[in-house]
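Here the structure comes first, spelled out in C-alpha cells, and everything after it is commentary.
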Amino acid sequence: MRPYTFGAYSKSVENSKNTILQQYMKAEYDLLSAIYDKKDKTFIDLGAGYGRLLPLLSETARNAVTIDINPEMFTELKRMAMDHRNCMALEGNMQDYEQLLNGLDIKKPVVLLMQNTLGTLESVDSYLDALNVMKEIAKRYDGEIVISLLCKEELKHFGIQLYTEIAPMTGTPDLKKTDFDKGLLVTNTGYVSKWWSKDERKQIRDFFGGRLLKEVVTDNYHIMNIKP
Ligand SMILES: C[S@@+](CC[C@H](N)C(=O)[O-])C[C@H]1O[C@@H](n2cnc3c(N)ncnc32)[C@H](O)[C@@H]1O
C-alpha cells in the first residue's frame, strides 16, 4: 500500500505552496463545479483518498459515493462522509464496483478519477482495467466520466519539483531509476507515479469514445469530462 496518510497527504498536497499544483487542484474544482445539472446527479469518486473533494461533492451534487482501497485514507474518508448526509464512503478496490455499488441510490453518475489516480493505481493489473470500470459504470447508469491526468512532458520540470517537495511522504526522486521517456517517476523508497504523454492521453480519450463535454489542457495537466 502506498505511504499515504490523511495528515501527510493534506499537508503535502492539499496545503502545498506549489503554484502549479494549486492551479491544478483549482482547475479540477472548477470543472467539477461546472458539471451540467449536477444537483440531479450522483458523483462516484474512485480512489477518493481521504475525501479532499467530498465537501464540494456534498454541496453541489445530488449525492456522492466515494471509494478508497487504502485503510489509512479510508478512516478519514469515512469520518468525512459521516459529516455530510448525502455522501457515502466505501472501503475497497474500484475493480469490485459491481458489489460495491449494488443496491445504492445512483442517478446519472459522474464517475471521477482525479489527481492522476490513474498513474498511482494499486491492486489493479493494468490502468486499462480502471478505465474500463469507469466506462462500464457510466454506460450502465447513463452517466459520464471525469478523468484528471498529469502530463509526461512536464515530469522533468513540474514533476521533479513536486516530488522533491512531497518527499517526506513519497521519498526523494531517484533520477537514475526515473524514466522520462516512459513518464515513470521513481523515488528512493520505490514509489512510482506514471505521467501521461500526449499520445497516451489521446488513446484514453479514444477509449471512452462518445462525446467530449469539457476539457482543460495545459502543459502540466489534462482534465476531461466525457459522456461515453
Ligand atoms: C493520488 S491519490 C488521489 C486521491 C483523491 N482522488 C484526490 O484527488 O485527492 C490516489 C488514491 O487512490 C486510491 N486507490 C489506488 N488504487 C485504488 C483502487 N484499486 N481502488 C480504490 N482506490 C484506489 C489510493 O489509496 C489513493 O487514496
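The chains in the C-alpha cells are called A, B, ... from first to last as shown; in each chain the residues are counted from 1, and the ligands are counted from 1 in the order shown.
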
Hey, what's within 9 Å of stretch 145-151 of chain A if we count only C-alpha atoms and toss same-chain stuff fewer than 2 positions away? As a PDB file with N, CA, C and O atoms, in the first residue's frame, please?
```pdb
ATOM      1  N   GLU A  28      -9.429  21.373 -11.373  1.00  0.00           N
ATOM      2  CA  GLU A  28     -10.305  20.216 -11.120  1.00  0.00           C
ATOM      3  C   GLU A  28     -11.595  20.685 -10.446  1.00  0.00           C
ATOM      4  O   GLU A  28     -12.700  20.294 -10.823  1.00  0.00           O
ATOM      5  N   LEU A  31     -13.866  22.604 -12.830  1.00  0.00           N
ATOM      6  CA  LEU A  31     -14.541  21.741 -13.810  1.00  0.00           C
ATOM      7  C   LEU A  31     -15.680  20.963 -13.132  1.00  0.00           C
ATOM      8  O   LEU A  31     -16.789  20.874 -13.670  1.00  0.00           O
ATOM      9  N   LEU A  32     -15.428  20.439 -11.936  1.00  0.00           N
ATOM     10  CA  LEU A  32     -16.487  19.683 -11.241  1.00  0.00           C
ATOM     11  C   LEU A  32     -17.650  20.600 -10.876  1.00  0.00           C
ATOM     12  O   LEU A  32     -18.814  20.213 -10.966  1.00  0.00           O
ATOM     13  N   PRO A 109     -24.746   9.046 -12.988  1.00  0.00           N
ATOM     14  CA  PRO A 109     -23.486   9.270 -12.266  1.00  0.00           C
ATOM     15  C   PRO A 109     -22.410  10.026 -13.043  1.00  0.00           C
ATOM     16  O   PRO A 109     -22.314   9.906 -14.268  1.00  0.00           O
ATOM     17  N   VAL A 110     -21.640  10.774 -12.296  1.00  0.00           N
ATOM     18  CA  VAL A 110     -20.421  11.385 -12.825  1.00  0.00           C
ATOM     19  C   VAL A 110     -19.296  10.594 -12.149  1.00  0.00           C
ATOM     20  O   VAL A 110     -19.089  10.692 -10.940  1.00  0.00           O
ATOM     21  N   VAL A 111     -18.602   9.765 -12.930  1.00  0.00           N
ATOM     22  CA  VAL A 111     -17.587   8.863 -12.377  1.00  0.00           C
ATOM     23  C   VAL A 111     -16.234   9.570 -12.422  1.00  0.00           C
ATOM     24  O   VAL A 111     -15.763   9.953 -13.497  1.00  0.00           O
ATOM     25  N   LEU A 112     -15.618   9.735 -11.261  1.00  0.00           N
ATOM     26  CA  LEU A 112     -14.390  10.534 -11.168  1.00  0.00           C
ATOM     27  C   LEU A 112     -13.143   9.679 -10.953  1.00  0.00           C
ATOM     28  O   LEU A 112     -13.170   8.709 -10.183  1.00  0.00           O
ATOM     29  N   LEU A 113     -12.052  10.069 -11.601  1.00  0.00           N
ATOM     30  CA  LEU A 113     -10.727   9.536 -11.283  1.00  0.00           C
ATOM     31  C   LEU A 113      -9.810  10.761 -11.318  1.00  0.00           C
ATOM     32  O   LEU A 113      -9.349  11.189 -12.375  1.00  0.00           O
ATOM     33  N   MET A 114      -9.601  11.352 -10.135  1.00  0.00           N
ATOM     34  CA  MET A 114      -8.992  12.673 -10.062  1.00  0.00           C
ATOM     35  C   MET A 114      -7.505  12.586  -9.684  1.00  0.00           C
ATOM     36  O   MET A 114      -7.004  11.556  -9.259  1.00  0.00           O
ATOM     37  N   GLN A 115      -6.855  13.732  -9.816  1.00  0.00           N
ATOM     38  CA  GLN A 115      -5.482  13.928  -9.367  1.00  0.00           C
ATOM     39  C   GLN A 115      -4.539  12.799  -9.776  1.00  0.00           C
ATOM     40  O   GLN A 115      -3.801  12.257  -8.959  1.00  0.00           O
ATOM     41  N   ASN A 116      -4.615  12.441 -11.027  1.00  0.00           N
ATOM     42  CA  ASN A 116      -3.721  11.436 -11.613  1.00  0.00           C
ATOM     43  C   ASN A 116      -3.750  10.097 -10.879  1.00  0.00           C
ATOM     44  O   ASN A 116      -2.754   9.376 -10.857  1.00  0.00           O
ATOM     45  N   THR A 117      -4.896   9.762 -10.281  1.00  0.00           N
ATOM     46  CA  THR A 117      -5.018   8.448  -9.633  1.00  0.00           C
ATOM     47  C   THR A 117      -4.721   7.331 -10.623  1.00  0.00           C
ATOM     48  O   THR A 117      -4.187   6.284 -10.244  1.00  0.00           O
ATOM     49  N   LEU A 118      -5.001   7.556 -11.915  1.00  0.00           N
ATOM     50  CA  LEU A 118      -4.702   6.535 -12.928  1.00  0.00           C
ATOM     51  C   LEU A 118      -3.216   6.162 -12.928  1.00  0.00           C
ATOM     52  O   LEU A 118      -2.852   5.049 -13.271  1.00  0.00           O
ATOM     53  N   GLY A 119      -2.370   7.113 -12.530  1.00  0.00           N
ATOM     54  CA  GLY A 119      -0.923   6.867 -12.543  1.00  0.00           C
ATOM     55  C   GLY A 119      -0.378   6.254 -11.264  1.00  0.00           C
ATOM     56  O   GLY A 119       0.816   5.951 -11.175  1.00  0.00           O
ATOM     57  N   MET A 134     -14.605   2.698 -15.199  1.00  0.00           N
ATOM     58  CA  MET A 134     -15.270   3.996 -15.367  1.00  0.00           C
ATOM     59  C   MET A 134     -16.306   3.936 -16.495  1.00  0.00           C
ATOM     60  O   MET A 134     -17.440   4.394 -16.353  1.00  0.00           O
ATOM     61  N   LYS A 135     -15.878   3.357 -17.611  1.00  0.00           N
ATOM     62  CA  LYS A 135     -16.763   3.308 -18.784  1.00  0.00           C
ATOM     63  C   LYS A 135     -17.999   2.443 -18.503  1.00  0.00           C
ATOM     64  O   LYS A 135     -19.118   2.813 -18.841  1.00  0.00           O
ATOM     65  N   ALA A 138     -20.425   4.288 -16.191  1.00  0.00           N
ATOM     66  CA  ALA A 138     -21.082   5.380 -16.917  1.00  0.00           C
ATOM     67  C   ALA A 138     -22.126   4.830 -17.889  1.00  0.00           C
ATOM     68  O   ALA A 138     -23.245   5.344 -17.981  1.00  0.00           O
ATOM     69  N   GLY A 143     -24.369   7.603 -17.417  1.00  0.00           N
ATOM     70  CA  GLY A 143     -23.604   8.672 -16.773  1.00  0.00           C
ATOM     71  C   GLY A 143     -22.485   9.219 -17.644  1.00  0.00           C
ATOM     72  O   GLY A 143     -22.471   9.042 -18.860  1.00  0.00           O
ATOM     73  N   GLU A 153       5.228  15.253 -20.441  1.00  0.00           N
ATOM     74  CA  GLU A 153       6.181  16.248 -20.961  1.00  0.00           C
ATOM     75  C   GLU A 153       6.711  17.158 -19.848  1.00  0.00           C
ATOM     76  O   GLU A 153       7.812  17.702 -19.968  1.00  0.00           O
ATOM     77  N   GLU A 154       5.947  17.317 -18.757  1.00  0.00           N
ATOM     78  CA  GLU A 154       6.371  18.198 -17.663  1.00  0.00           C
ATOM     79  C   GLU A 154       6.899  17.431 -16.446  1.00  0.00           C
ATOM     80  O   GLU A 154       7.158  18.035 -15.401  1.00  0.00           O
ATOM     81  N   LEU A 155       7.044  16.108 -16.588  1.00  0.00           N
ATOM     82  CA  LEU A 155       7.600  15.325 -15.466  1.00  0.00           C
ATOM     83  C   LEU A 155       8.997  15.830 -15.106  1.00  0.00           C
ATOM     84  O   LEU A 155       9.367  15.915 -13.934  1.00  0.00           O
ATOM     85  N   GLY A 159       7.152  17.846 -12.370  1.00  0.00           N
ATOM     86  CA  GLY A 159       7.120  16.567 -11.659  1.00  0.00           C
ATOM     87  C   GLY A 159       8.243  16.438 -10.633  1.00  0.00           C
ATOM     88  O   GLY A 159       8.012  16.127  -9.471  1.00  0.00           O
ATOM     89  N   GLY A 183       7.593   8.302 -18.873  1.00  0.00           N
ATOM     90  CA  GLY A 183       6.779   9.077 -17.936  1.00  0.00           C
ATOM     91  C   GLY A 183       6.649   8.416 -16.579  1.00  0.00           C
ATOM     92  O   GLY A 183       5.625   8.548 -15.908  1.00  0.00           O
ATOM     93  N   LYS A 194       3.023   7.297 -12.704  1.00  0.00           N
ATOM     94  CA  LYS A 194       3.050   7.390 -14.174  1.00  0.00           C
ATOM     95  C   LYS A 194       2.403   8.698 -14.616  1.00  0.00           C
ATOM     96  O   LYS A 194       1.310   9.050 -14.145  1.00  0.00           O
ATOM     97  N   TRP A 195       3.106   9.432 -15.473  1.00  0.00           N
ATOM     98  CA  TRP A 195       2.560  10.650 -16.098  1.00  0.00           C
ATOM     99  C   TRP A 195       2.347  10.330 -17.582  1.00  0.00           C
ATOM    100  O   TRP A 195       3.064   9.520 -18.154  1.00  0.00           O
ATOM    101  N   TRP A 196       1.395  10.998 -18.222  1.00  0.00           N
ATOM    102  CA  TRP A 196       0.847  10.534 -19.499  1.00  0.00           C
ATOM    103  C   TRP A 196       1.260  11.428 -20.676  1.00  0.00           C
ATOM    104  O   TRP A 196       1.098  12.648 -20.625  1.00  0.00           O
ATOM    105  N   SER A 197       1.738  10.771 -21.753  1.00  0.00           N
ATOM    106  CA  SER A 197       2.142  11.515 -22.956  1.00  0.00           C
ATOM    107  C   SER A 197       0.899  11.987 -23.714  1.00  0.00           C
ATOM    108  O   SER A 197      -0.220  11.503 -23.473  1.00  0.00           O
ATOM    109  N   LYS A 198       1.123  12.880 -24.658  1.00  0.00           N
ATOM    110  CA  LYS A 198       0.017  13.390 -25.466  1.00  0.00           C
ATOM    111  C   LYS A 198      -0.690  12.239 -26.201  1.00  0.00           C
ATOM    112  O   LYS A 198      -1.914  12.183 -26.254  1.00  0.00           O
ATOM    113  N   ARG A 201      -2.752  10.206 -23.771  1.00  0.00           N
ATOM    114  CA  ARG A 201      -3.979  10.927 -23.382  1.00  0.00           C
ATOM    115  C   ARG A 201      -5.009  10.867 -24.509  1.00  0.00           C
ATOM    116  O   ARG A 201      -6.202  10.762 -24.271  1.00  0.00           O
ATOM    117  N   PHE A 208     -12.743   5.997 -24.359  1.00  0.00           N
ATOM    118  CA  PHE A 208     -14.087   6.294 -23.843  1.00  0.00           C
ATOM    119  C   PHE A 208     -15.080   6.551 -24.974  1.00  0.00           C
ATOM    120  O   PHE A 208     -16.269   6.304 -24.815  1.00  0.00           O
ATOM    121  N   THR A 218      -3.420  21.933 -20.146  1.00  0.00           N
ATOM    122  CA  THR A 218      -2.275  22.839 -20.025  1.00  0.00           C
ATOM    123  C   THR A 218      -1.028  21.995 -20.257  1.00  0.00           C
ATOM    124  O   THR A 218      -1.121  20.787 -20.470  1.00  0.00           O
ATOM    125  N   ASP A 219       0.136  22.604 -20.169  1.00  0.00           N
ATOM    126  CA  ASP A 219       1.373  21.817 -20.316  1.00  0.00           C
ATOM    127  C   ASP A 219       1.491  20.782 -19.200  1.00  0.00           C
ATOM    128  O   ASP A 219       2.107  19.735 -19.369  1.00  0.00           O
ATOM    129  N   ASN A 220       0.907  21.080 -18.044  1.00  0.00           N
ATOM    130  CA  ASN A 220       1.111  20.246 -16.854  1.00  0.00           C
ATOM    131  C   ASN A 220       0.012  19.225 -16.590  1.00  0.00           C
ATOM    132  O   ASN A 220       0.277  18.162 -16.057  1.00  0.00           O
ATOM    133  N   TYR A 221      -1.226  19.567 -16.911  1.00  0.00           N
ATOM    134  CA  TYR A 221      -2.338  18.662 -16.593  1.00  0.00           C
ATOM    135  C   TYR A 221      -3.387  18.682 -17.690  1.00  0.00           C
ATOM    136  O   TYR A 221      -3.464  19.616 -18.494  1.00  0.00           O
ATOM    137  N   HIS A 222      -4.188  17.620 -17.682  1.00  0.00           N
ATOM    138  CA  HIS A 222      -5.208  17.425 -18.718  1.00  0.00           C
ATOM    139  C   HIS A 222      -6.423  16.798 -18.031  1.00  0.00           C
ATOM    140  O   HIS A 222      -6.327  15.704 -17.482  1.00  0.00           O
ATOM    141  N   ILE A 223      -7.532  17.511 -18.037  1.00  0.00           N
ATOM    142  CA  ILE A 223      -8.746  17.033 -17.368  1.00  0.00           C
ATOM    143  C   ILE A 223      -9.844  16.918 -18.432  1.00  0.00           C
ATOM    144  O   ILE A 223     -10.062  17.865 -19.188  1.00  0.00           O
ATOM    145  N   MET A 224     -10.496  15.754 -18.472  1.00  0.00           N
ATOM    146  CA  MET A 224     -11.521  15.545 -19.492  1.00  0.00           C
ATOM    147  C   MET A 224     -12.839  15.131 -18.854  1.00  0.00           C
ATOM    148  O   MET A 224     -12.860  14.306 -17.947  1.00  0.00           O
ATOM    149  N   ASN A 225     -13.921  15.715 -19.343  1.00  0.00           N
ATOM    150  CA  ASN A 225     -15.275  15.321 -18.953  1.00  0.00           C
ATOM    151  C   ASN A 225     -15.927  14.739 -20.216  1.00  0.00           C
ATOM    152  O   ASN A 225     -16.091  15.449 -21.205  1.00  0.00           O
ATOM    153  N   ILE A 226     -16.225  13.446 -20.147  1.00  0.00           N
ATOM    154  CA  ILE A 226     -16.664  12.723 -21.359  1.00  0.00           C
ATOM    155  C   ILE A 226     -17.969  11.978 -21.075  1.00  0.00           C
ATOM    156  O   ILE A 226     -18.136  11.396 -19.998  1.00  0.00           O
ATOM    157  N   LYS A 227     -18.842  11.991 -22.038  1.00  0.00           N
ATOM    158  CA  LYS A 227     -20.044  11.128 -21.964  1.00  0.00           C
ATOM    159  C   LYS A 227     -19.793   9.953 -22.909  1.00  0.00           C
ATOM    160  O   LYS A 227     -19.881  10.104 -24.127  1.00  0.00           O
ATOM    161  N   PRO A 228     -19.409   8.779 -22.355  1.00  0.00           N
ATOM    162  CA  PRO A 228     -19.042   7.660 -23.249  1.00  0.00           C
ATOM    163  C   PRO A 228     -20.235   7.173 -24.068  1.00  0.00           C
ATOM    164  O   PRO A 228     -21.368   7.317 -23.646  1.00  0.00           O
TER     165      PRO A 228
END
```

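Backbone DSSP over stretch 145-206 of chain A yields helix (DSSP H, G or I) at Lys152, Glu153, Glu154, Leu155, Lys156, His157, Phe158, Gly159, Ile160, Gln161, Leu162, Tyr163, Thr164, Glu165, Ala167, Pro168, Met169, Thr170, Lys198, Asp199, Glu200, Arg201, Lys202, Gln203, Ile204, Arg205 and Asp206 of chain A.
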
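A straight line drawn from atom CA of A:Val216 to atom CA of A:Lys152 is 15.8 Å long.
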
(request) Produce as JSON, numbers by chain the set of residues near ligand 1, where near means within 10 Å with only C-alpha atoms and all ligand atoms considered. (result) {"A": [1, 2, 3, 4, 5, 6, 9, 10, 13, 14, 25, 28, 29, 45, 46, 47, 48, 49, 50, 51, 52, 53, 54, 66, 67, 68, 69, 70, 71, 72, 73, 74, 77, 90, 91, 92, 93, 94, 95, 96, 97, 112, 113, 114, 115, 116, 117, 118, 119, 120, 121, 122, 123, 124, 125, 127, 129, 130, 148, 193]}

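Residues of stretch 54-125 of chain A that DSSP places in strand (DSSP E), based on the backbone of this structure, are Asn63, Ala64, Val65, Thr66, Ile67, Asp68, Cys87, Met88, Ala89, Leu90, Glu91, Val110, Val111, Leu112 and Leu113 of chain A.
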
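Residue nearest A:Leu57 within the list A:Leu213, A:Leu101, A:Ile160, A:Ala34: A:Ala34 [criterion: smallest interatomic distance, only C-alpha atoms].
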
(request) To one decimal in Å, tell me the separation between atom CA of A:Asp83 and atom CA of A:Gln23. (result) 27.3 Å

(message) Between atom CA of A:Gln22 and atom CA of A:Pro55, what distance in Å does the model show, to one decimal?
(response) 17.4 Å

Each stretch 163-182 of chain A residue no farther than 7 Å from stretch 186-189 of chain A, nearest pair in Å, only C-alpha atoms, as CSV:
```
residue,atom,partner,partner_atom,distance
A:Gly171,CA,A:Thr189,CA,5.3
A:Thr172,CA,A:Thr187,CA,5.1
A:Pro173,CA,A:Thr187,CA,4.1
A:Asp174,CA,A:Thr187,CA,4.7
A:Lys177,CA,A:Val186,CA,5.9
A:Thr178,CA,A:Val186,CA,4.8
```

What does the file look like for those residues with C-alpha atoms, as an mmCIF file, in the first residue's frame?
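See out_39.cif below for the written result:
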```cif
data_model
loop_
_atom_site.group_PDB
_atom_site.id
_atom_site.type_symbol
_atom_site.label_atom_id
_atom_site.label_comp_id
_atom_site.auth_asym_id
_atom_site.auth_seq_id
_atom_site.Cartn_x
_atom_site.Cartn_y
_atom_site.Cartn_z
ATOM 1 C CA GLY A 171 10.567 9.534 -0.938
ATOM 2 C CA THR A 172 13.066 11.581 -2.937
ATOM 3 C CA PRO A 173 13.028 11.320 -6.770
ATOM 4 C CA ASP A 174 15.603 8.782 -7.930
ATOM 5 C CA LYS A 177 15.524 4.993 -11.985
ATOM 6 C CA THR A 178 13.072 7.632 -13.217
#
```
